[in-house]
$ cat target_17.txt   # compact mmCIF, C-alpha atoms
# COMPACT_ATOMS: atom_id res chain seq x y z
CA MET A 1 -71.65 -60.47 -49.97
CA ASN A 2 -70.71 -62.76 -47.08
CA ILE A 3 -67.01 -62.72 -47.98
CA PHE A 4 -67.13 -58.89 -48.16
CA ILE A 5 -68.62 -58.71 -44.64
CA TRP A 6 -65.92 -61.01 -43.24
CA ILE A 7 -63.14 -58.97 -44.90
CA CYS A 8 -64.56 -55.77 -43.33
CA LEU A 9 -64.72 -57.55 -39.95
CA ILE A 10 -61.05 -58.55 -40.20
CA ILE A 11 -60.03 -54.97 -41.13
CA ILE A 12 -61.92 -53.50 -38.15
CA PHE A 13 -60.43 -56.15 -35.84
CA LEU A 14 -56.90 -55.25 -36.99
CA SER A 15 -57.65 -51.56 -36.37
CA MET A 16 -58.83 -52.48 -32.84
CA LEU A 17 -55.44 -54.12 -32.28
CA GLY A 18 -53.72 -50.97 -33.56
CA THR A 19 -55.70 -48.83 -31.13
CA LEU A 20 -54.72 -51.24 -28.32
CA VAL A 21 -51.08 -50.34 -29.02
CA ARG A 22 -51.88 -46.74 -28.03
CA VAL A 23 -53.59 -48.00 -24.85
CA PHE A 24 -50.40 -49.76 -23.76
CA LYS A 25 -47.90 -47.17 -25.06
CA GLY A 26 -49.67 -43.85 -24.43
CA PRO A 27 -47.50 -41.35 -22.54
CA SER A 28 -50.33 -39.84 -20.49
CA THR A 29 -53.63 -41.03 -19.02
CA PRO A 30 -55.93 -39.06 -21.42
CA ASP A 31 -54.19 -40.80 -24.34
CA ARG A 32 -55.23 -44.16 -22.95
CA LEU A 33 -58.77 -42.86 -22.32
CA ILE A 34 -59.13 -41.66 -25.92
CA ALA A 35 -57.90 -44.99 -27.26
CA LEU A 36 -60.34 -46.92 -25.03
CA ASP A 37 -63.24 -44.77 -26.30
CA GLY A 38 -62.18 -45.58 -29.86
CA ILE A 39 -62.14 -49.31 -29.01
CA GLY A 40 -65.72 -49.04 -27.71
CA VAL A 41 -66.87 -47.41 -30.97
CA MET A 42 -65.13 -50.09 -33.05
CA LEU A 43 -66.77 -52.83 -30.94
CA ILE A 44 -70.18 -51.39 -31.92
CA SER A 45 -69.20 -51.64 -35.62
CA ILE A 46 -68.05 -55.25 -35.15
CA ILE A 47 -71.36 -56.23 -33.51
CA ALA A 48 -73.37 -54.56 -36.30
CA LEU A 49 -71.39 -56.44 -38.97
CA LEU A 50 -71.63 -59.75 -37.05
CA SER A 51 -75.43 -59.43 -37.05
CA ILE A 52 -75.27 -59.41 -40.88
CA ALA A 53 -72.75 -62.27 -41.01
CA PHE A 54 -74.76 -64.53 -38.69
CA ASP A 55 -78.11 -63.39 -40.23
CA THR A 56 -79.88 -62.56 -36.97
CA ILE A 57 -81.53 -59.42 -35.58
CA PHE A 58 -81.01 -60.22 -31.91
CA PHE A 59 -77.47 -58.78 -31.74
CA ILE A 60 -78.77 -55.28 -32.50
CA ASP A 61 -80.11 -54.67 -28.98
CA VAL A 62 -76.54 -54.98 -27.69
CA ILE A 63 -75.49 -51.88 -29.70
CA LEU A 64 -77.56 -49.46 -27.62
CA LEU A 65 -76.34 -51.01 -24.37
CA ILE A 66 -72.65 -50.75 -25.31
CA ALA A 67 -73.11 -47.17 -26.60
CA ILE A 68 -74.71 -46.00 -23.33
CA MET A 69 -72.16 -47.82 -21.15
CA SER A 70 -69.23 -46.42 -23.17
CA PHE A 71 -70.55 -42.85 -22.85
CA ILE A 72 -71.05 -43.19 -19.08
CA GLY A 73 -67.54 -44.60 -18.72
CA THR A 74 -66.03 -41.76 -20.76
CA VAL A 75 -67.82 -39.05 -18.76
CA SER A 76 -66.92 -40.52 -15.36
CA PHE A 77 -63.27 -41.16 -16.31
CA SER A 78 -62.79 -37.63 -17.66
CA LYS A 79 -64.40 -36.16 -14.52
CA PHE A 80 -62.00 -38.28 -12.44
CA ILE A 81 -58.97 -37.11 -14.41
CA GLU A 82 -60.08 -33.46 -14.25
CA LYS A 83 -60.94 -33.16 -10.54
CA GLY A 84 -59.68 -36.30 -8.79
CA ALA A 85 -63.23 -37.30 -7.74
CA ILE A 86 -66.30 -38.48 -9.61
CA ILE A 87 -69.08 -37.31 -7.28
CA ASP A 88 -68.53 -34.17 -5.19
CA ARG A 89 -70.46 -31.13 -3.97
CA ASP A 90 -68.46 -28.45 -5.79
CA THR A 91 -70.76 -26.66 -8.25
CA ARG A 92 -68.00 -24.85 -10.15
CA ARG A 93 -66.29 -26.64 -13.04
CA MET B 1 -82.99 -55.02 -57.83
CA ILE B 2 -81.27 -57.02 -55.10
CA LEU B 3 -77.96 -56.27 -56.84
CA VAL B 4 -78.48 -52.48 -56.72
CA ALA B 5 -79.47 -52.69 -53.04
CA ASN B 6 -76.36 -54.75 -52.27
CA ILE B 7 -74.13 -52.24 -54.06
CA ILE B 8 -75.56 -49.30 -52.06
CA ILE B 9 -75.19 -51.21 -48.77
CA ALA B 10 -71.60 -52.19 -49.64
CA LEU B 11 -70.79 -48.52 -50.43
CA PHE B 12 -72.02 -47.38 -47.00
CA ILE B 13 -70.07 -50.15 -45.23
CA LEU B 14 -66.93 -49.34 -47.25
CA VAL B 15 -67.13 -45.67 -46.21
CA GLY B 16 -67.44 -46.79 -42.58
CA VAL B 17 -64.44 -49.13 -42.78
CA PHE B 18 -62.37 -46.40 -44.48
CA PHE B 19 -63.05 -43.91 -41.71
CA THR B 20 -62.27 -46.56 -39.07
CA VAL B 21 -58.84 -47.07 -40.67
CA VAL B 22 -58.39 -43.27 -40.72
CA THR B 23 -59.11 -43.27 -36.97
CA VAL B 24 -56.36 -45.80 -36.28
CA VAL B 25 -53.82 -43.95 -38.42
CA GLY B 26 -54.68 -40.69 -36.63
CA ILE B 27 -54.42 -42.24 -33.16
CA LEU B 28 -51.09 -43.90 -33.90
CA ARG B 29 -49.35 -41.18 -35.93
CA LEU B 30 -50.39 -37.75 -34.59
CA PRO B 31 -47.96 -36.10 -32.15
CA ASP B 32 -50.25 -34.79 -29.40
CA VAL B 33 -53.14 -35.77 -27.14
CA TYR B 34 -55.40 -32.97 -28.51
CA THR B 35 -54.87 -33.86 -32.16
CA ARG B 36 -55.39 -37.53 -31.29
CA ALA B 37 -58.69 -36.66 -29.58
CA HIS B 38 -59.75 -34.70 -32.67
CA ALA B 39 -58.95 -37.63 -35.00
CA ALA B 40 -60.55 -40.22 -32.73
CA SER B 41 -63.87 -38.48 -32.04
CA LYS B 42 -64.66 -37.11 -35.53
CA SER B 43 -63.63 -39.95 -37.78
CA ALA B 44 -64.80 -42.69 -35.39
CA THR B 45 -68.26 -41.06 -35.38
CA LEU B 46 -68.38 -41.00 -39.20
CA GLY B 47 -67.12 -44.59 -39.42
CA VAL B 48 -69.67 -46.07 -37.05
CA LEU B 49 -72.46 -44.01 -38.66
CA GLY B 50 -71.61 -45.39 -42.11
CA ILE B 51 -71.56 -48.99 -40.86
CA LEU B 52 -74.81 -48.61 -38.87
CA ILE B 53 -76.64 -47.04 -41.87
CA GLY B 54 -75.39 -49.87 -44.09
CA VAL B 55 -76.63 -52.53 -41.64
CA PHE B 56 -79.97 -50.70 -41.25
CA LEU B 57 -80.48 -50.62 -45.05
CA HIS B 58 -79.51 -54.32 -45.28
CA PHE B 59 -82.15 -55.36 -42.73
CA TRP B 60 -84.74 -53.02 -44.30
CA TRP B 61 -84.30 -53.84 -48.01
CA ILE B 62 -83.08 -57.47 -47.95
CA LYS B 63 -84.77 -58.90 -44.86
CA GLY B 64 -87.84 -56.63 -44.69
CA HIS B 65 -87.35 -55.76 -41.03
CA PHE B 66 -87.46 -52.03 -40.10
CA SER B 67 -85.10 -51.95 -37.12
CA ILE B 68 -85.77 -48.91 -34.93
CA GLN B 69 -82.93 -49.85 -32.54
CA LEU B 70 -80.31 -49.17 -35.22
CA LEU B 71 -81.75 -45.70 -35.96
CA LEU B 72 -81.85 -44.90 -32.23
CA GLY B 73 -78.29 -46.16 -31.76
CA SER B 74 -76.92 -44.11 -34.65
CA VAL B 75 -78.65 -40.92 -33.39
CA PHE B 76 -77.32 -41.57 -29.86
CA LEU B 77 -73.76 -42.08 -31.15
CA PHE B 78 -74.03 -38.99 -33.36
CA ILE B 79 -74.86 -36.90 -30.28
CA THR B 80 -72.62 -38.44 -27.61
CA SER B 81 -69.35 -39.19 -29.40
CA PRO B 82 -68.30 -35.53 -30.05
CA VAL B 83 -69.42 -34.64 -26.51
CA GLY B 84 -67.16 -37.38 -25.17
CA GLY B 85 -64.25 -36.12 -27.26
CA HIS B 86 -64.71 -32.57 -25.94
CA LEU B 87 -64.86 -33.83 -22.32
CA MET B 88 -61.71 -35.91 -22.73
CA SER B 89 -59.64 -33.12 -24.29
CA ARG B 90 -60.87 -30.66 -21.63
CA ALA B 91 -59.88 -33.12 -18.88
CA ALA B 92 -56.47 -33.50 -20.54
CA TYR B 93 -55.98 -29.72 -20.52
CA MET B 94 -57.09 -29.37 -16.89
CA SER B 95 -54.78 -32.17 -15.75
CA GLY B 96 -51.81 -30.35 -17.25
CA VAL B 97 -50.86 -32.28 -20.41
CA LYS B 98 -48.60 -30.03 -22.49
CA PRO B 99 -49.48 -29.50 -26.19
CA THR B 100 -46.82 -30.16 -28.82
CA ASP B 101 -44.31 -27.52 -29.93
CA LEU B 102 -46.13 -27.01 -33.25
CA THR B 103 -49.15 -25.40 -31.52
CA VAL B 104 -49.54 -21.71 -32.37
CA GLY B 105 -52.49 -20.56 -30.19
CA ASP B 106 -53.87 -21.26 -26.70
CA ASP B 107 -57.22 -19.51 -26.17
CA LEU B 108 -58.39 -21.73 -23.30
CA GLY B 109 -55.31 -20.92 -21.21
CA GLU B 110 -55.96 -17.16 -21.55
CA ALA B 111 -59.64 -17.62 -20.59
CA ILE B 112 -58.70 -19.65 -17.49
CA GLY B 113 -56.13 -16.99 -16.49
CA GLU B 114 -58.76 -14.22 -16.76
CA GLN B 115 -61.22 -16.24 -14.66
CA LYS B 116 -58.63 -16.83 -11.92
CA SER B 117 -57.72 -13.11 -11.82
CA HIS B 118 -61.47 -12.26 -11.47
CA GLU B 119 -61.86 -14.70 -8.60
CA GLU B 120 -58.90 -13.24 -6.72
CA GLU B 121 -60.32 -9.69 -6.81
$ encode --input "target_17.txt" --output "structure tokens"
Amino acid sequence: MNIFIWICLIIIFLSMLGTLVRVFKGPSTPDRLIALDGIGVMLISIIALLSIAFDTIFFIDVILLIAIMSFIGTVSFSKFIEKGAIIDRDTRR
Amino acid sequence: MILVANIIIALFILVGVFFTVVTVVGILRLPDVYTRAHAASKSATLGVLGILIGVFLHFWWIKGHFSIQLLLGSVFLFITSPVGGHLMSRAAYMSGVKPTDLTVGDDLGEAIGEQKSHEEE
């Protein structure tokens, strides 16, 4: 079971590296933003599998923190790309 | 009994790893920012849900610890990841990224044109 968990961890780590290629190579800024959001989701999977591999329950609290931070980052970055400002007084979209 | 539990947990984790690999193939191979956003948000959500359910069942059945943080995290990701994908593709459209030549329909462009003509009247 432990060898299976480590093989899954290596596969997810390699897919994180593949997503990083799109971060460096992406032709436009939303491409890079999408790839960074995917990296955040894969980091959550890696932490969940590491908590099995190291046999501890204390890594699980980190999952909620990274999920909330990744969502806030995605929303603020897409607002910045769409309007050029994050906080403004314009009520129309 | 432990063996059956391990097989079920390994099946959930395998489904999660498979959808993570599908995410990477979609992000690297698709031709357009909108199709890449589609691949990233949908299959990344399914992948992380499979892995989180597998880890939750492992801590529940093997270790005897009912972890409510994992359930809360999977529900939060299930809600917020498609919302994030929609926001990113909408921001890409508003900032003027052109879709690929294979695209056959553009409903959002027509809706934005109608709204601008209403505002000018």
$ interface_residues --input "target_17.txt" --of "chain B" --to "chain A" --cutoff "6 Å" --atoms "all atoms listed in the file" --output "short mmCIF file (atom, residue, chain, number, x, y, z; two decimals) with C-alpha atoms, in the frame of the given file"
data_model
loop_
_atom_site.label_atom_id
_atom_site.label_comp_id
_atom_site.auth_asym_id
_atom_site.auth_seq_id
_atom_site.Cartn_x
_atom_site.Cartn_y
_atom_site.Cartn_z
CA VAL B 24 -56.36 -45.80 -36.28
CA VAL B 33 -53.14 -35.77 -27.14
CA VAL B 48 -69.67 -46.07 -37.05
CA GLY B 73 -78.29 -46.16 -31.76
CA MET B 88 -61.71 -35.91 -22.73
CA ALA B 91 -59.88 -33.12 -18.88
CA ALA B 92 -56.47 -33.50 -20.54
CA MET B 94 -57.09 -29.37 -16.89
CA SER B 95 -54.78 -32.17 -15.75
#
$ atom_distance --input "target_17.txt" --atom1 "atom CA of B:Val17" --atom2 "atom CA of B:Leu46"
9.7 Å
$ closest_residue --input "target_17.txt" --among "A:Met69, A:Ile10, A:Ile3, A:Leu36" --to "B:Ser41" --atoms "all atoms listed in the file"
A:Leu36
$ atom_distance --input "target_17.txt" --atom1 "atom CA of B:Gly105" --atom2 "atom CA of B:Leu30"
17.9 Å
$ residues_around --input "target_17.txt" --residues "B:Ile62" --least-positions-apart "2" --cutoff "9 Å" --atoms "all atoms listed in the file" --output "list of chain:residue names"
B:Ile2, B:Ala5, B:Asn6, B:Leu57, B:His58, B:Phe59, B:Trp60, B:Gly64, B:His65
$ atom_distance --input "target_17.txt" --atom1 "atom CA of B:Arg29" --atom2 "atom CA of A:Val23"
13.7 Å
$ decode --input "target_17.txt" --residues "stretch 30-51 of chain A" --atoms "N, CA and C atoms" --output "PDB file, in the first residue's frame"
ATOM      1  N   PRO A  30      -4.312  34.734 -19.354  1.00  0.00           N
ATOM      2  CA  PRO A  30      -5.255  33.750 -18.804  1.00  0.00           C
ATOM      3  C   PRO A  30      -4.780  32.307 -18.914  1.00  0.00           C
ATOM      4  N   ASP A  31      -3.948  31.978 -19.899  1.00  0.00           N
ATOM      5  CA  ASP A  31      -3.369  30.635 -19.956  1.00  0.00           C
ATOM      6  C   ASP A  31      -2.542  30.350 -18.712  1.00  0.00           C
ATOM      7  N   ARG A  32      -1.703  31.326 -18.354  1.00  0.00           N
ATOM      8  CA  ARG A  32      -0.858  31.138 -17.172  1.00  0.00           C
ATOM      9  C   ARG A  32      -1.707  31.050 -15.913  1.00  0.00           C
ATOM     10  N   LEU A  33      -2.798  31.831 -15.858  1.00  0.00           N
ATOM     11  CA  LEU A  33      -3.671  31.799 -14.676  1.00  0.00           C
ATOM     12  C   LEU A  33      -4.352  30.438 -14.524  1.00  0.00           C
ATOM     13  N   ILE A  34      -4.815  29.872 -15.641  1.00  0.00           N
ATOM     14  CA  ILE A  34      -5.454  28.552 -15.599  1.00  0.00           C
ATOM     15  C   ILE A  34      -4.475  27.489 -15.145  1.00  0.00           C
ATOM     16  N   ALA A  35      -3.223  27.566 -15.656  1.00  0.00           N
ATOM     17  CA  ALA A  35      -2.228  26.573 -15.263  1.00  0.00           C
ATOM     18  C   ALA A  35      -1.873  26.707 -13.779  1.00  0.00           C
ATOM     19  N   LEU A  36      -1.823  27.947 -13.255  1.00  0.00           N
ATOM     20  CA  LEU A  36      -1.514  28.126 -11.834  1.00  0.00           C
ATOM     21  C   LEU A  36      -2.635  27.578 -10.955  1.00  0.00           C
ATOM     22  N   ASP A  37      -3.897  27.754 -11.393  1.00  0.00           N
ATOM     23  CA  ASP A  37      -5.019  27.185 -10.639  1.00  0.00           C
ATOM     24  C   ASP A  37      -4.940  25.659 -10.611  1.00  0.00           C
ATOM     25  N   GLY A  38      -4.541  25.066 -11.760  1.00  0.00           N
ATOM     26  CA  GLY A  38      -4.366  23.611 -11.786  1.00  0.00           C
ATOM     27  C   GLY A  38      -3.255  23.153 -10.850  1.00  0.00           C
ATOM     28  N   ILE A  39      -2.169  23.945 -10.747  1.00  0.00           N
ATOM     29  CA  ILE A  39      -1.074  23.583  -9.844  1.00  0.00           C
ATOM     30  C   ILE A  39      -1.548  23.615  -8.394  1.00  0.00           C
ATOM     31  N   GLY A  40      -2.406  24.609  -8.043  1.00  0.00           N
ATOM     32  CA  GLY A  40      -2.940  24.653  -6.680  1.00  0.00           C
ATOM     33  C   GLY A  40      -3.767  23.427  -6.353  1.00  0.00           C
ATOM     34  N   VAL A  41      -4.601  22.976  -7.314  1.00  0.00           N
ATOM     35  CA  VAL A  41      -5.428  21.786  -7.076  1.00  0.00           C
ATOM     36  C   VAL A  41      -4.564  20.541  -6.913  1.00  0.00           C
ATOM     37  N   MET A  42      -3.484  20.445  -7.754  1.00  0.00           N
ATOM     38  CA  MET A  42      -2.611  19.266  -7.628  1.00  0.00           C
ATOM     39  C   MET A  42      -1.836  19.286  -6.319  1.00  0.00           C
ATOM     40  N   LEU A  43      -1.505  20.480  -5.799  1.00  0.00           N
ATOM     41  CA  LEU A  43      -0.819  20.574  -4.505  1.00  0.00           C
ATOM     42  C   LEU A  43      -1.699  20.027  -3.388  1.00  0.00           C
ATOM     43  N   ILE A  44      -3.024  20.265  -3.479  1.00  0.00           N
ATOM     44  CA  ILE A  44      -3.950  19.711  -2.480  1.00  0.00           C
ATOM     45  C   ILE A  44      -3.923  18.186  -2.514  1.00  0.00           C
ATOM     46  N   SER A  45      -3.904  17.600  -3.742  1.00  0.00           N
ATOM     47  CA  SER A  45      -3.832  16.133  -3.853  1.00  0.00           C
ATOM     48  C   SER A  45      -2.539  15.599  -3.265  1.00  0.00           C
ATOM     49  N   ILE A  46      -1.424  16.302  -3.506  1.00  0.00           N
ATOM     50  CA  ILE A  46      -0.130  15.839  -2.982  1.00  0.00           C
ATOM     51  C   ILE A  46      -0.138  15.858  -1.456  1.00  0.00           C
ATOM     52  N   ILE A  47      -0.725  16.900  -0.848  1.00  0.00           N
ATOM     53  CA  ILE A  47      -0.742  16.966   0.617  1.00  0.00           C
ATOM     54  C   ILE A  47      -1.620  15.856   1.189  1.00  0.00           C
ATOM     55  N   ALA A  48      -2.765  15.575   0.528  1.00  0.00           N
ATOM     56  CA  ALA A  48      -3.641  14.504   1.017  1.00  0.00           C
ATOM     57  C   ALA A  48      -2.947  13.146   0.935  1.00  0.00           C
ATOM     58  N   LEU A  49      -2.168  12.908  -0.138  1.00  0.00           N
ATOM     59  CA  LEU A  49      -1.468  11.622  -0.232  1.00  0.00           C
ATOM     60  C   LEU A  49      -0.279  11.549   0.726  1.00  0.00           C
ATOM     61  N   LEU A  50       0.382  12.700   0.988  1.00  0.00           N
ATOM     62  CA  LEU A  50       1.501  12.699   1.941  1.00  0.00           C
ATOM     63  C   LEU A  50       1.025  12.391   3.354  1.00  0.00           C
ATOM     64  N   SER A  51      -0.222  12.802   3.679  1.00  0.00           N
ATOM     65  CA  SER A  51      -0.730  12.507   5.021  1.00  0.00           C
ATOM     66  C   SER A  51      -0.964  11.000   5.194  1.00  0.00           C
TER      67      SER A  51
END
